[in-house]
$ cat target-v7.txt   # compact mmCIF, C-alpha atoms
# COMPACT_ATOMS: atom_id res chain seq x y z
CA MET E 30 0.00 0.00 0.00
CA VAL E 31 2.74 2.48 0.85
CA ASP E 32 4.55 1.92 -2.45
CA ALA E 33 1.29 2.45 -4.35
CA ARG E 34 0.65 5.67 -2.43
CA GLN E 35 4.17 6.89 -3.19
CA GLU E 36 3.82 6.08 -6.88
CA LEU E 37 0.43 7.75 -7.09
CA GLY E 38 1.86 10.79 -5.33
CA ARG E 39 4.65 11.05 -7.88
CA GLN E 40 2.18 10.62 -10.74
CA LEU E 41 -0.14 13.30 -9.39
CA LEU E 42 2.76 15.68 -8.80
CA SER E 43 3.90 15.13 -12.38
CA ASP E 44 1.03 17.40 -13.37
CA PRO E 45 2.43 20.88 -12.75
CA THR E 46 -1.08 22.29 -12.45
CA ALA E 47 -2.05 19.91 -9.63
CA ASP E 48 -2.32 21.63 -6.27
CA ILE E 49 -0.14 19.94 -3.66
CA ASP E 50 -2.80 20.31 -0.96
CA GLU E 51 -5.26 18.57 -3.28
CA VAL E 52 -2.73 15.80 -3.98
CA ALA E 53 -2.35 15.32 -0.23
CA CYS E 54 -6.12 15.02 0.15
CA LEU E 55 -6.43 12.59 -2.78
CA LEU E 56 -3.79 10.40 -1.17
CA GLY E 57 -5.72 10.31 2.08
CA TYR E 58 -3.67 12.71 4.18
CA GLN E 59 -5.70 14.81 6.60
CA ASP E 60 -3.45 17.80 6.08
CA ALA E 61 -0.78 18.92 3.68
CA SER E 62 1.95 19.03 6.34
CA SER E 63 1.61 15.27 6.90
CA PHE E 64 1.96 14.71 3.17
CA TYR E 65 5.02 16.98 3.01
CA ARG E 66 6.69 15.03 5.82
CA ALA E 67 5.90 11.66 4.23
CA PHE E 68 7.03 12.81 0.80
CA ARG E 69 10.27 14.13 2.21
CA GLU E 70 10.92 10.72 3.80
CA TRP E 71 10.22 8.93 0.48
CA GLU E 72 12.13 11.23 -1.83
CA GLY E 73 14.54 13.11 0.43
CA THR E 74 13.09 16.43 -0.72
CA THR E 75 9.86 18.42 -0.63
CA PRO E 76 7.13 17.97 -3.25
CA ASN E 77 7.85 21.44 -4.65
CA ARG E 78 11.56 20.79 -4.98
CA TRP E 79 10.89 17.34 -6.50
CA ARG E 80 8.78 19.01 -9.16
CA GLU E 81 11.50 21.56 -9.87
CA LEU E 82 14.15 18.88 -10.21
CA ASN E 83 12.03 16.61 -12.40
CA PHE E 84 10.43 19.21 -14.62
CA ASP E 85 13.59 21.22 -15.21
CA GLY E 86 15.21 18.03 -16.48
CA LEU E 87 12.22 17.23 -18.69
CA LYS E 88 12.11 20.76 -20.08
CA ARG E 89 15.82 20.64 -20.90
CA ALA E 90 15.51 17.24 -22.57
CA ALA E 91 12.54 18.45 -24.63
CA SER E 92 14.29 21.61 -25.76
CA ASP E 93 17.46 19.65 -26.56
CA SER E 94 15.49 17.22 -28.73
CA LEU E 95 13.88 20.13 -30.59
CA MET E 96 17.28 21.60 -31.36
CA HIS E 97 18.58 18.35 -32.91
$ encode --input "target-v7.txt" --output "structure tokens"
Amino acid sequence: MVDARQELGRQLLSDPTADIDEVACLLGYQDASSFYRAFREWEGTTPNRWRELNFDGLKRAASDSLMH
């Protein structure tokens, strides 16, 4: 169950328009701070920072592929 929750959390956060508080609620957390703590334990970083790290890499890869 925990692995499924983690995976779903990553999938939901992959949508840059998804509100993190809403993601927390969808995953069954009673408040966003509990989700932030759990996410930090899973990934070693906050949900916001995880998005930055993952989407910056995706944006770079996409722009690199357009240039070639």
$ atom_distance --input "target-v7.txt" --atom1 "atom CA of E:Gln59" --atom2 "atom CA of E:Leu42"
17.6 Å
$ closest_residue --input "target-v7.txt" --among "E:Asp60, E:Arg80, E:Tyr65, E:Cys54" --to "E:Arg39" --atoms "all atoms listed in the file"
E:Arg80
$ residues_around --input "target-v7.txt" --residues "stretch 31-36 of chain E" --least-positions-apart "5" --cutoff "12 Å" --atoms "all atoms listed in the file" --output "JSON, numbers by chain"
{"E": [41, 42, 43, 52, 53, 54, 55, 56, 57, 58, 64, 65, 67, 68, 69, 70, 71, 72, 76]}
$ atom_distance --input "target-v7.txt" --atom1 "atom CA of E:Trp79" --atom2 "atom CA of E:Ile49"
11.7 Å
$ atom_distance --input "target-v7.txt" --atom1 "atom CA of E:Ser63" --atom2 "atom CA of E:Asp85"
25.8 Å
$ closest_residue --input "target-v7.txt" --among "E:Ala61, E:Arg78, E:Asn83, E:Gly73" --to "E:Gln40" --atoms "all atoms listed in the file"
E:Asn83
